[in-house]
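K.L.:
Pasting a structure below so you can have a look.
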Amino acid sequence: IPQFIKDHNLNNGIIYGVRVPGEEPIELLNWLSCDINDSRISSYAVMDNGHVIALESVAQASEGYDTAYAYNLVSAGLVDRSSVPEKQELTLACLRLDNEIKDQIIRFNRSRDDIHVTVQNYTLTGMDGLRTDIEAGSVPDLIMTEGVPVEKYVQEGLLVDLWPLIDGDDALNKHELMSHLFEIVSINDGLYEAAPFFSIISAAANSEIVGTKDNWTTDELLTVMDTLAQEATIFGSANASEIYLNNYLFRILNTYIDWEQGTGHFASDDFIQHLTFLSHLSEESAKFETSTANNSSEFERIYEKTQLLTECYVDSLDQIKYANAMHRSSAAFWGYPSNTLDNNLAELIDPIAITTSCANTDAAWQYVRTVLTEDYQISAEISGFPTNKKA
């Protein structure tokens, strides 16, 4: 790092500096590229000789809410390139990166003398930045696919089918994974993204009221509503329409898009039915703001049968217990009403894909497989159900 750069700041894990005030900042040091988790850097300083020193906090044993920390003194500086072992460089693009994935990348890099994963973080520029780079021909080797149009990139031939890589892995085969989940998220029988964890997005009701079927349509839901009190609401919330938009409708939009033809099918009777239900929720939300039910808690409204559904983001068995408690020990996870689609949705947590532009698919798989292992999924502190059956 040039000694004459004096003004510097840390942004998104990268230290930027300028030679003179007002000049365009340049990147001085990327902590993650040095296999240091930037989220664990508590403070740093640039020395006169150009070195950067920092304190890295490392969590030790926890007791209750108290966690003890140890601190490493980190020193970073320029070295002769010939002194650094040559490795297969793999770029991993992401719109967001949690600490557990950062730590796993670092563990992987430190354990391998032949492969190194370098992160391209698009947190600041978002999907627009990633799309611009891909269209310009700068395609990463790996992509964390949360927020990425996977179906579109599959149609464009940008992503690798992971099933053959799983089948060819002697230490990690399809039978050890939650294969049914991966079959659900497969596209044209190809698995183009895998993940260490998943959650279920649903809506729960009291089975004594709705019965025990696995799914229902909008008309069936409204028929059940007629059996409740006149002032009863579906979700009992002033933002019920936003809940439906974000939790369900937004996530099923791809089913109405033909990526091969580049066309949408939003004029279908089924999609219009979704919009009709959304309109119903919007009217209900407006009424709820001034209704007497607004003065009661959600538990009271369910008990008094003035609210039918509770939204459920199920990422642990505790969430199922909570839903049962809300619905008097009789929760039925019917999900969101739909005439043609599944009512409950599976959502991958920290999904990852390999691109067809990757020069060494086998090397990329060596990293991807690590997040599918029992060891990683047991140790990672991430809310969600593991995709490895042993975990």
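Following the order of the structure tokens, chains are lettered A, B, ..., residues in each are numbered from 1, and ligands are numbered from 1.
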Could you pull out the strand (DSSP E or B) residues of range 214-371 of chain A from DSSP and send them as a PyMOL selection string?
P.N.:
chain A and resi 233+257-258+263-264+307+310-314+331-332+345-349+352-355
K.L.:
Which polymer residues have any atom within 7 Å of an atom of Leu191 in chain A, counting only C-alpha atoms, with same-chain residues fewer than 4 positions away left out, as a VMD selection string?
P.N.:
chain A and resid 161 to 163 182 186 to 187
K.L.:
Write out, as an mmCIF file, in the first residue's frame, the residues just selected, with C-alpha atoms.
P.N.:
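The result, written out as selection.cif:
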```cif
data_model
loop_
_atom_site.group_PDB
_atom_site.id
_atom_site.type_symbol
_atom_site.label_atom_id
_atom_site.label_comp_id
_atom_site.auth_asym_id
_atom_site.auth_seq_id
_atom_site.Cartn_x
_atom_site.Cartn_y
_atom_site.Cartn_z
ATOM 1 C CA ASP A 161 -26.486 -28.484 -13.563
ATOM 2 C CA LEU A 162 -25.276 -29.655 -10.141
ATOM 3 C CA TRP A 163 -26.924 -33.110 -10.185
ATOM 4 C CA PHE A 182 -33.707 -29.974 -4.455
ATOM 5 C CA SER A 186 -34.915 -27.972 -9.974
ATOM 6 C CA ILE A 187 -35.650 -26.474 -13.389
#
```
K.L.:
Please determine, counting only C-alpha atoms, which residue among A:His265, A:Arg369, A:Arg301, A:Arg251 has the shortest atom-to-atom distance to Gly236 in chain A.
P.N.:
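Distance minimum relative to Gly236 in chain A lands on A:Arg301.
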K.L.:
As an MDAnalysis selection string, please: the residues near Leu92 in chain A (cut-off 12 Å, only C-alpha atoms, same-chain neighbours under 5 positions excluded).
P.N.:
chainID A and resid 32:33 97 101:102 105 116:122 130 138:145 352:355 358 364 367:368
K.L.:
Between A:Glu374, A:Ile257, A:Gly129, A:Lys389, which has the minimum distance to Val148 in chain A (counting only C-alpha atoms)?
P.N.:
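Of A:Glu374, A:Ile257, A:Gly129, A:Lys389, the one nearest Val148 in chain A is A:Gly129, counting only C-alpha atoms.
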K.L.:
Could you list, as a list of chain:residue names, every residue within 6 Å of Phe198 in chain A, counting only C-alpha atoms and ignoring same-chain residues fewer than 2 positions away?
P.N.:
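Near Phe198 in chain A, the qualifying residues are A:Glu347, A:Leu348, A:Ile349, A:Gly384, A:Phe385.
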K.L.:
Any chance you can output those residues with C-alpha atoms as a PDB file, in the first residue's frame?
P.N.:
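Written output follows (part.pdb):
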```pdb
ATOM      1  CA  GLU A 347     -37.072 -20.911   0.223  1.00  0.00           C
ATOM      2  CA  LEU A 348     -33.363 -21.678  -0.030  1.00  0.00           C
ATOM      3  CA  ILE A 349     -31.021 -19.955   2.433  1.00  0.00           C
ATOM      4  CA  GLY A 384     -33.164 -22.749   8.897  1.00  0.00           C
ATOM      5  CA  PHE A 385     -33.575 -26.463   8.307  1.00  0.00           C
TER       6      PHE A 385
END
```
K.L.:
Any idea what's packed within 9 Å of Val154 in chain A, counting only C-alpha atoms, ignoring anything in its chain fewer than 5 positions away? Could you give it as a PyMOL selection string?
P.N.:
chain A and resi 149+159-160+187+192+259
K.L.:
Dump C-alpha atoms for the selected residues as a compact mmCIF listing (two decimals), in the first residue's frame?
P.N.:
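Written out: again-v5.txt:
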```
# COMPACT_ATOMS: atom_id res chain seq x y z
CA PRO A 149 -33.08 -14.36 -11.63
CA LEU A 159 -25.53 -21.99 -14.91
CA VAL A 160 -24.21 -25.55 -14.45
CA ILE A 187 -35.65 -26.47 -13.39
CA TYR A 192 -28.87 -25.08 -10.84
CA TRP A 259 -37.97 -17.13 -20.21
```
K.L.:
Between A:Ala54, A:Val150, A:Pro164, A:Ile243, which one has atoms that come closest to Glu193 in chain A, using only C-alpha atoms?
P.N.:
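So, comparing all the options, the nearest one is A:Val150.
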K.L.:
Could you check how far CA of Gly190 in chain A sits from CA of Asp169 in chain A, in Å to one decimal?
P.N.:
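Value for the CA of Gly190 in chain A-CA of Asp169 in chain A distance: 16.7 Å.
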K.L.:
DSSP on the backbone: what in range 65-231 of chain A comes out alpha helix (DSSP H), as an NGL selection string?
P.N.:
:A and (99-111 or 126-135 or 150-155 or 163-167 or 179-184 or 207-210 or 218-225)
K.L.:
Env of range 308-313 of chain A: 7 Å cut, atoms = only C-alpha atoms, seq-sep filter 5 positions within chain, self excluded. Answer as a compact mmCIF listing (two decimals) with N, CA, C and O atoms, in the first residue's frame.
P.N.:
```
# COMPACT_ATOMS: atom_id res chain seq x y z
N ILE A 200 -39.61 -22.63 5.20
CA ILE A 200 -40.91 -22.82 4.58
C ILE A 200 -41.75 -21.58 4.85
O ILE A 200 -41.85 -21.11 5.99
N ILE A 201 -42.33 -21.03 3.80
CA ILE A 201 -43.19 -19.85 3.92
C ILE A 201 -44.63 -20.33 3.83
O ILE A 201 -45.03 -20.97 2.86
N SER A 202 -45.42 -20.03 4.86
CA SER A 202 -46.76 -20.57 4.93
C SER A 202 -47.67 -19.62 5.69
O SER A 202 -47.26 -18.54 6.13
N ALA A 203 -48.93 -20.02 5.82
CA ALA A 203 -49.89 -19.34 6.66
C ALA A 203 -50.66 -20.42 7.40
O ALA A 203 -51.00 -21.46 6.83
N ALA A 204 -50.91 -20.20 8.69
CA ALA A 204 -51.54 -21.23 9.52
C ALA A 204 -52.92 -20.79 9.97
O ALA A 204 -53.21 -19.60 10.13
N ALA A 205 -53.78 -21.78 10.14
CA ALA A 205 -55.13 -21.57 10.67
C ALA A 205 -55.44 -22.68 11.66
O ALA A 205 -54.69 -23.66 11.78
N THR A 233 -61.32 -10.85 10.04
CA THR A 233 -60.40 -10.55 8.94
C THR A 233 -59.54 -11.78 8.66
O THR A 233 -59.46 -12.69 9.48
N ILE A 234 -58.92 -11.79 7.49
CA ILE A 234 -58.11 -12.95 7.10
C ILE A 234 -56.80 -12.96 7.89
O ILE A 234 -56.48 -13.93 8.58
N PHE A 235 -56.05 -11.87 7.81
CA PHE A 235 -54.77 -11.80 8.52
C PHE A 235 -54.83 -10.91 9.75
O PHE A 235 -53.98 -11.00 10.61
N ILE A 302 -57.57 -14.47 17.25
CA ILE A 302 -57.68 -15.86 16.82
C ILE A 302 -58.59 -16.63 17.78
O ILE A 302 -59.44 -17.42 17.36
```
K.L.:
From the set A:Ser39, A:Gly264, A:Cys34, A:Gly211, which residue has the shortest atom-to-atom contact distance to Asn12 in chain A, counting only C-alpha atoms?
P.N.:
A:Ser39
K.L.:
Mind checking which residues fall within 10 Å of Ala229 in chain A, counting only C-alpha atoms, ignoring those fewer than 6 positions away in the same chain, and posting them as a ChimeraX atom specification?
P.N.:
/A:304-307
K.L.:
Go ahead and dump the residues you just picked, C-alpha atoms, as a PDB file, in the first residue's frame.
P.N.:
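Result file part06.pdb:
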```pdb
ATOM      1  CA  GLU A 304     -62.341 -14.943  19.454  1.00  0.00           C
ATOM      2  CA  LYS A 305     -62.444 -16.108  15.793  1.00  0.00           C
ATOM      3  CA  THR A 306     -62.109 -12.613  14.403  1.00  0.00           C
ATOM      4  CA  GLN A 307     -58.880 -13.520  12.587  1.00  0.00           C
TER       5      GLN A 307
END
```
K.L.:
Using only C-alpha atoms, which residue out of A:Thr91, A:Thr132, A:Asn173, A:Ser43 lies closest to Ile115 in chain A?
P.N.:
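Counting only C-alpha atoms, the residue closest to Ile115 in chain A is A:Thr91.
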K.L.:
Which residue gives the smallest distance to Glu289 in chain A among A:Val185, A:Ala240, A:Ile252, A:Leu73, with only C-alpha atoms counted?
P.N.:
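Closest candidate: A:Ala240.
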K.L.:
So how far away is CA of Glu56 in chain A from CA of Asn72 in chain A, in Å?
P.N.:
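Those two atoms sit 5.0 Å apart.
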K.L.:
What does the distance from CA of Leu165 in chain A to CA of Ala136 in chain A come to in Å, to one decimal?
P.N.:
28.3 Å
